[in-house]
>>> print(open('structure-v9.txt').read())   # compact mmCIF, C-alpha atoms
# COMPACT_ATOMS: atom_id res chain seq x y z
CA MET A 1 -3.85 -21.43 5.70
CA ASN A 2 -5.17 -17.87 6.17
CA ALA A 3 -1.86 -16.04 5.84
CA THR A 4 -1.77 -12.44 7.05
CA PRO A 5 0.40 -10.10 4.94
CA TRP A 6 2.39 -7.19 6.30
CA VAL A 7 -0.18 -4.41 5.90
CA LEU A 8 0.47 -0.76 6.77
CA PHE A 9 -2.09 1.86 7.68
CA GLY A 10 -2.17 5.37 9.78
CA THR A 11 -1.96 9.54 10.28
CA LEU A 12 0.41 12.54 10.67
CA LEU A 13 0.50 14.72 13.68
CA ALA A 14 -1.07 18.09 13.04
CA ALA A 15 0.33 21.35 14.20
CA ILE A 16 -1.21 22.48 17.46
CA PRO A 17 -3.61 25.40 17.57
CA GLY A 18 -1.92 28.36 19.12
CA ALA A 19 1.54 27.84 17.63
CA LEU A 20 1.59 31.42 16.63
CA ALA A 21 4.92 33.14 16.95
CA GLY A 22 8.70 32.91 16.65
CA PRO A 23 12.00 34.76 16.75
CA PRO A 24 12.44 38.22 15.17
CA GLN A 25 12.19 38.03 11.39
CA ALA A 26 12.94 40.20 8.38
CA PRO A 27 10.57 43.17 7.93
CA ALA A 28 7.32 42.58 6.09
CA ALA A 29 7.26 43.45 2.42
CA ALA A 30 4.85 46.36 2.89
CA ALA A 31 6.37 49.70 3.84
CA VAL A 32 5.77 50.99 7.36
CA PRO A 33 3.22 53.86 7.31
CA PRO A 34 4.65 57.23 8.35
CA GLY A 35 4.86 57.60 12.09
CA ARG A 36 4.18 53.91 12.77
CA ALA A 37 7.79 52.65 13.07
CA GLU A 38 7.59 52.48 16.86
CA ASP A 39 4.31 50.60 16.70
CA GLU A 40 5.75 48.03 14.30
CA LYS A 41 8.79 47.67 16.53
CA ALA A 42 6.49 47.01 19.50
CA ILE A 43 4.50 44.43 17.51
CA ARG A 44 7.67 42.58 16.54
CA SER A 45 8.86 42.72 20.14
CA GLY A 46 5.55 41.16 21.14
CA VAL A 47 6.21 38.27 18.78
CA ASP A 48 9.64 37.84 20.36
CA ALA A 49 8.05 37.86 23.83
CA PHE A 50 5.55 35.21 22.74
CA VAL A 51 8.38 32.93 21.63
CA GLY A 52 10.23 33.48 24.88
CA ALA A 53 7.14 32.61 26.93
CA PHE A 54 6.55 29.53 24.78
CA ALA A 55 10.12 28.34 25.35
CA LYS A 56 9.64 28.76 29.11
CA ALA A 57 6.22 27.02 28.98
CA ASP A 58 4.72 30.12 30.63
CA ALA A 59 1.00 29.79 29.93
CA LYS A 60 0.09 32.80 32.10
CA ALA A 61 2.45 35.10 30.19
CA ILE A 62 1.04 33.95 26.84
CA ALA A 63 -2.57 34.45 27.97
CA ALA A 64 -1.67 37.99 29.08
CA MET A 65 -0.72 38.78 25.46
CA PHE A 66 -4.40 38.45 24.46
CA THR A 67 -7.23 40.87 25.13
CA ASP A 68 -9.73 39.92 27.86
CA GLN A 69 -11.94 38.26 25.23
CA GLY A 70 -9.12 37.29 22.88
CA GLU A 71 -9.47 34.11 20.85
CA ALA A 72 -7.31 31.48 19.15
CA ILE A 73 -8.92 29.45 16.34
CA ASP A 74 -7.36 26.31 14.83
CA VAL A 75 -7.49 25.19 11.21
CA GLU A 76 -10.68 23.19 11.86
CA GLY A 77 -12.49 26.27 13.21
CA ARG A 78 -12.37 25.28 16.89
CA ALA A 79 -11.97 28.34 19.11
CA ILE A 80 -10.57 29.04 22.57
CA ARG A 81 -11.85 32.36 23.96
CA GLY A 82 -10.92 34.42 26.97
CA ARG A 83 -7.67 34.72 28.91
CA GLU A 84 -8.65 32.11 31.49
CA ALA A 85 -9.45 29.49 28.85
CA LEU A 86 -6.32 30.36 26.88
CA GLU A 87 -4.11 29.98 29.94
CA ALA A 88 -5.65 26.59 30.73
CA HIS A 89 -5.17 25.52 27.10
CA TYR A 90 -1.51 26.45 26.98
CA ALA A 91 -0.83 24.93 30.40
CA ALA A 92 -2.23 21.60 29.19
CA ARG A 93 -0.41 22.03 25.88
CA PHE A 94 2.97 22.45 27.60
CA GLU A 95 2.32 19.51 29.89
CA ASP A 96 1.55 17.24 26.92
CA GLY A 97 4.45 18.42 24.75
CA PRO A 98 7.32 19.59 26.98
CA GLY A 99 10.45 20.94 25.35
CA GLU A 100 8.95 22.05 22.03
CA LYS A 101 10.26 25.21 20.33
CA LEU A 102 8.55 27.72 18.12
CA GLU A 103 9.70 29.72 15.09
CA ALA A 104 7.83 32.08 12.75
CA THR A 105 8.15 34.25 9.69
CA ILE A 106 6.16 37.49 9.71
CA GLU A 107 4.88 38.10 6.18
CA LEU A 108 2.62 41.13 6.69
CA ILE A 109 1.95 43.88 9.20
CA HIS A 110 -0.93 46.02 7.92
CA PHE A 111 -2.42 48.94 9.86
CA LEU A 112 -6.21 48.75 9.38
CA ALA A 113 -6.84 51.69 11.73
CA PRO A 114 -4.74 53.77 14.14
CA GLU A 115 -5.09 51.09 16.83
CA VAL A 116 -5.91 47.96 14.79
CA VAL A 117 -3.38 45.81 12.92
CA ARG A 118 -3.54 42.70 10.79
CA GLN A 119 -0.52 40.41 11.01
CA ASP A 120 0.06 37.39 8.72
CA GLY A 121 2.83 34.85 8.85
CA ARG A 122 4.00 31.25 8.96
CA THR A 123 4.90 29.13 11.98
CA ARG A 124 7.22 26.20 12.54
CA LEU A 125 6.86 23.99 15.62
CA LEU A 126 9.92 21.90 16.51
CA PRO A 127 9.49 18.75 18.66
CA ALA A 128 11.70 18.29 21.71
CA THR A 129 13.52 15.35 20.07
CA PRO A 130 13.84 14.07 16.46
CA ALA A 131 12.16 10.81 17.54
CA GLU A 132 8.91 12.72 18.01
CA GLY A 133 8.75 13.57 14.33
CA PRO A 134 9.68 16.43 11.99
CA PRO A 135 8.73 20.09 12.52
CA SER A 136 5.12 20.98 11.70
CA THR A 137 4.26 24.16 9.83
CA ALA A 138 1.19 26.33 9.40
CA ARG A 139 0.10 29.79 8.31
CA TYR A 140 -1.73 32.24 10.53
CA THR A 141 -3.54 35.56 10.42
CA ALA A 142 -4.04 37.71 13.51
CA THR A 143 -5.84 40.89 14.50
CA LEU A 144 -4.06 43.03 17.11
CA VAL A 145 -5.47 46.02 18.96
CA LYS A 146 -3.70 48.71 20.97
CA ASP A 147 -4.92 48.79 24.55
CA HIS A 148 -3.39 51.31 27.01
CA GLY A 149 -0.22 51.48 24.94
CA ARG A 150 0.18 47.68 24.49
CA TRP A 151 -0.48 45.69 21.33
CA LEU A 152 -2.63 42.68 22.28
CA ILE A 153 -4.00 39.77 20.26
CA ALA A 154 -7.75 40.08 19.73
CA SER A 155 -8.01 37.10 17.40
CA ILE A 156 -5.59 34.70 15.76
CA ARG A 157 -6.50 31.94 13.32
CA GLU A 158 -4.38 29.04 12.15
CA LEU A 159 -4.56 28.24 8.41
CA GLU A 160 -3.48 25.22 6.44
CA ASP A 161 0.05 25.56 5.08
CA THR A 162 -0.66 24.82 1.44
CA ALA A 163 3.01 25.25 0.62
CA ILE A 164 3.72 21.75 1.95
CA SER A 165 3.52 19.20 -0.88
CA HIS A 166 2.02 15.74 -0.53
CA HIS A 167 5.50 14.35 -1.15
CA ASP A 168 6.93 16.33 1.77
CA ARG A 169 4.22 15.04 4.08
CA LEU A 170 5.35 11.47 3.33
CA LYS A 171 9.08 12.08 3.84
CA GLU A 172 8.89 10.59 7.34
CA LEU A 173 8.11 7.24 5.74
CA GLU A 174 10.81 7.37 3.08
CA TRP A 175 12.93 4.92 5.07
CA LEU A 176 10.45 2.21 4.01
CA VAL A 177 11.62 2.42 0.39
CA GLY A 178 13.35 -0.79 -0.61
CA ASP A 179 12.85 -4.54 -0.45
CA TRP A 180 11.98 -6.33 2.81
CA VAL A 181 11.62 -9.99 3.74
CA GLU A 182 10.56 -12.16 6.70
CA GLU A 183 10.57 -15.93 6.94
CA THR A 184 8.77 -17.85 9.69
CA GLY A 185 8.47 -21.62 9.42
CA GLU A 186 7.10 -22.46 5.99
CA ALA A 187 5.77 -18.96 5.27
CA LEU A 188 7.80 -16.30 3.46
CA ILE A 189 6.59 -12.68 3.41
CA ALA A 190 8.26 -10.35 0.90
CA THR A 191 7.40 -6.71 0.28
CA SER A 192 8.79 -3.90 -1.86
CA VAL A 193 8.19 -0.15 -1.39
CA ALA A 194 8.92 2.60 -3.95
CA TRP A 195 7.86 6.19 -4.70
CA SER A 196 5.19 6.69 -7.34
CA GLU A 197 6.32 8.40 -10.52
CA ASP A 198 4.80 11.72 -9.42
CA GLY A 199 6.30 11.40 -5.91
CA ASN A 200 2.93 11.88 -4.18
CA PHE A 201 2.48 8.28 -3.02
CA LEU A 202 4.46 5.37 -1.65
CA LEU A 203 3.60 2.19 -3.56
CA ARG A 204 3.99 -1.17 -1.87
CA SER A 205 3.64 -4.66 -3.32
CA PHE A 206 3.64 -7.75 -1.12
CA GLU A 207 3.57 -11.52 -1.49
CA VAL A 208 3.03 -14.34 1.00
CA ARG A 209 4.44 -17.73 -0.03
CA VAL A 210 3.75 -20.98 1.82
CA ALA A 211 5.84 -24.06 1.06
CA GLY A 212 7.13 -22.24 -2.02
CA LYS A 213 3.63 -21.53 -3.36
CA ALA A 214 2.14 -18.05 -3.66
CA GLU A 215 -0.67 -17.84 -1.08
CA LEU A 216 -1.52 -14.15 -1.34
CA LYS A 217 -0.38 -11.09 -3.28
CA GLY A 218 -1.40 -7.47 -3.09
CA THR A 219 -0.66 -3.79 -3.58
CA GLN A 220 -0.92 -0.76 -1.34
CA ARG A 221 -0.88 2.98 -1.95
CA ILE A 222 0.11 5.32 0.90
CA GLY A 223 -0.55 9.05 0.57
CA TRP A 224 -1.77 12.28 2.14
CA ASP A 225 -5.55 12.62 2.31
CA PRO A 226 -6.31 16.37 1.91
CA LEU A 227 -9.91 15.84 3.06
CA THR A 228 -9.08 14.40 6.49
CA ARG A 229 -5.57 15.97 6.63
CA GLN A 230 -4.04 12.61 7.51
CA ILE A 231 -1.76 10.03 5.97
CA LYS A 232 -4.00 7.30 4.60
CA SER A 233 -3.38 3.98 2.86
CA TRP A 234 -5.46 1.83 0.51
CA VAL A 235 -4.73 -1.89 0.00
CA PHE A 236 -6.04 -4.54 -2.45
CA ASP A 237 -5.18 -8.25 -2.44
CA SER A 238 -5.30 -11.11 -4.95
CA GLN A 239 -8.24 -12.78 -3.17
CA GLY A 240 -10.54 -9.81 -3.82
CA GLY A 241 -10.07 -8.18 -0.43
CA TYR A 242 -9.57 -4.47 0.13
CA GLY A 243 -9.14 -2.00 2.98
CA ASP A 244 -7.88 1.35 4.15
CA GLY A 245 -6.34 2.86 7.25
CA TYR A 246 -5.24 6.08 8.96
CA TRP A 247 -1.75 6.60 10.35
CA THR A 248 -0.79 8.34 13.60
CA ARG A 249 2.79 8.84 14.72
CA SER A 250 3.55 8.04 18.35
CA GLY A 251 7.20 8.65 19.23
CA ASP A 252 9.35 6.35 17.09
CA ARG A 253 6.48 4.23 15.78
CA TRP A 254 3.30 4.57 13.71
CA VAL A 255 -0.11 3.42 14.95
CA ILE A 256 -2.46 2.41 12.15
CA LYS A 257 -6.23 2.04 12.51
CA SER A 258 -7.31 -0.20 9.66
CA SER A 259 -10.55 -1.69 8.36
CA GLY A 260 -11.49 -3.64 5.28
CA VAL A 261 -13.37 -6.49 3.64
CA ARG A 262 -12.03 -9.93 2.77
CA GLY A 263 -12.67 -11.60 -0.56
CA ASP A 264 -15.40 -13.73 1.07
CA GLY A 265 -17.29 -10.59 2.19
CA GLN A 266 -16.38 -10.65 5.88
CA SER A 267 -15.46 -7.31 7.41
CA THR A 268 -12.12 -6.92 9.21
CA SER A 269 -10.47 -4.36 11.47
CA ALA A 270 -7.27 -4.10 13.48
CA THR A 271 -4.97 -1.73 15.33
CA GLN A 272 -1.52 -2.07 13.85
CA ALA A 273 1.85 -0.61 14.77
CA LEU A 274 5.01 -0.14 12.76
CA ALA A 275 8.31 0.52 14.52
CA ARG A 276 11.73 1.10 12.98
CA LEU A 277 14.41 -1.06 14.60
CA GLY A 278 17.52 0.54 13.16
CA LYS A 279 18.33 1.17 9.51
CA ASP A 280 17.49 -2.28 8.14
CA ARG A 281 14.93 -3.80 10.54
CA LEU A 282 11.32 -3.05 11.40
CA LEU A 283 8.68 -4.56 13.68
CA TRP A 284 5.05 -4.86 12.57
CA THR A 285 2.34 -5.84 15.04
CA SER A 286 -1.41 -6.33 14.71
CA ARG A 287 -3.76 -6.16 17.70
CA ASP A 288 -7.49 -5.76 18.47
CA ARG A 289 -8.36 -7.81 15.42
CA THR A 290 -11.95 -8.49 14.38
CA LEU A 291 -13.37 -10.72 11.64
CA GLY A 292 -17.03 -10.62 10.67
CA GLY A 293 -17.78 -8.51 13.74
CA GLU A 294 -16.24 -11.03 16.14
CA THR A 295 -13.10 -10.36 18.18
CA ARG A 296 -10.05 -12.46 17.37
CA ASP A 297 -7.26 -13.24 19.83
CA ASP A 298 -4.68 -14.30 17.21
CA ASP A 299 -2.42 -11.24 17.44
CA HIS A 300 0.47 -11.03 15.00
CA GLU A 301 4.03 -9.77 15.31
CA VAL A 302 6.50 -9.82 12.43
CA THR A 303 10.10 -8.60 12.20
CA MET A 304 11.16 -7.67 8.67
CA VAL A 305 14.73 -7.16 7.45
CA ARG A 306 15.87 -5.17 4.46
CA LYS A 307 17.16 -7.29 1.58
CA PRO A 308 20.68 -6.39 0.45
CA PRO A 309 21.06 -5.40 -3.19
CA GLU A 310 21.61 -8.18 -5.70
CA PRO A 311 25.32 -8.73 -6.54
CA LYS A 312 26.35 -7.35 -9.90
>>> encode(input="structure-v9.txt", output="structure tokens")
Amino acid sequence: MNATPWVLFGTLLAAIPGALAGPPQAPAAAAVPPGRAEDEKAIRSGVDAFVGAFAKADAKAIAAMFTDQGEAIDVEGRAIRGREALEAHYAARFEDGPGEKLEATIELIHFLAPEVVRQDGRTRLLPATPAEGPPSTARYTATLVKDHGRWLIASIRELEDTAISHHDRLKELEWLVGDWVEETGEALIATSVAWSEDGNFLLRSFEVRVAGKAELKGTQRIGWDPLTRQIKSWVFDSQGGYGDGYWTRSGDRWVIKSSGVRGDGQSTSATQALARLGKDRLLWTSRDRTLGGETRDDDHEVTMVRKPPEPK
């Protein structure tokens, strides 16, 4: 029997480019230069206006807060330039993610010249519902220029929020910690998930037993990959097989694109999904499976239940 263990793979939603402002915040640490109090007040009011336009999904109003050739650059270096392109971007952004809210902390307002300002801060993007995932955070730096009495955004760049630990990035999956079991016919699948000692990984061990005999065992490590900026998992089994996968959250489930090699040298791939069905149940499915480059039609679906603690 070629038993298939419960294997988890996937990625974390990144903050969107352009999430750049929030409600009024405490003054920046640097003192306001003499005679610039009104300018700083106007800059902070502009941040407040940005948040208001974001809450109303008003792409035109947001685009008007940039200069004619203003630009927004995401953490990967991709840029959107010009008011027309910015308006189209935000319009599509609001259509794809309706109901999101924006917050920010202004950390610095620095006057580089009489009509040029650098502004640094942090952003927090809140999904419309908790089911869509936790808030995403980022840092940003912006250059503002004064044009006919108005402070406009000439350039704003999103930066990686290095303050978020690898442990925090995995908190969404903490509900997996514990012992799980599923029994179908003569096969028994058992798995156990725990935090690593340093808290930067989730460690999973699994075992498939058939007719009371161990058919397959393995281990998996789930963590944040700083190179690809995604949640990634690595798995090894007792038959010499190995694989990895990238996780993507979609509503209340995770989609996991996985690939690997079996102990006999054949390559494998699959699209998997993991859905939480209440506190103590989960559904794991595996689709689009390939083995040795050939498509397989033997899709899998497994419902696991959390094992109660052993009586003392």
>>> closest_residue(input="structure-v9.txt", among="A:Tyr242, A:His148, A:Ala55, A:Glu186", to="Leu125 in chain A", atoms="only C-alpha atoms")
A:Ala55
>>> atom_distance(input="structure-v9.txt", atom1="CA of Gly199 in chain A", atom2="CA of Gly278 in chain A")
24.6 Å
>>> atom_distance(input="structure-v9.txt", atom1="CA of Gly265 in chain A", atom2="CA of Gly293 in chain A")
11.7 Å
>>> closest_residue(input="structure-v9.txt", among="A:Leu152, A:Ala72, A:Val145, A:Ala138", to="Phe111 in chain A", atoms="only C-alpha atoms")
A:Val145
>>> closest_residue(input="structure-v9.txt", among="A:Arg78, A:Arg122, A:Arg139, A:Arg276", to="Glu174 in chain A", atoms="all atoms listed in the file")
A:Arg276
>>> atom_distance(input="structure-v9.txt", atom1="CA of Asp168 in chain A", atom2="CA of Trp224 in chain A")
9.6 Å
>>> residues_near_point(input="structure-v9.txt", point="(-14.3, 38.3, 28.0)", cutoff="12 Å", atoms="only C-alpha atoms", output="list in words")
Phe66, Thr67, Asp68, Gln69, Gly70, Glu71, Ile80, Arg81, Gly82, Arg83, Glu84, Ala85, Leu86 and Ala154 of chain A
>>> closest_residue(input="structure-v9.txt", among="A:Ala42, A:Glu158, A:Ala131, A:Phe50", to="Asp74 in chain A", atoms="all atoms listed in the file")
A:Glu158
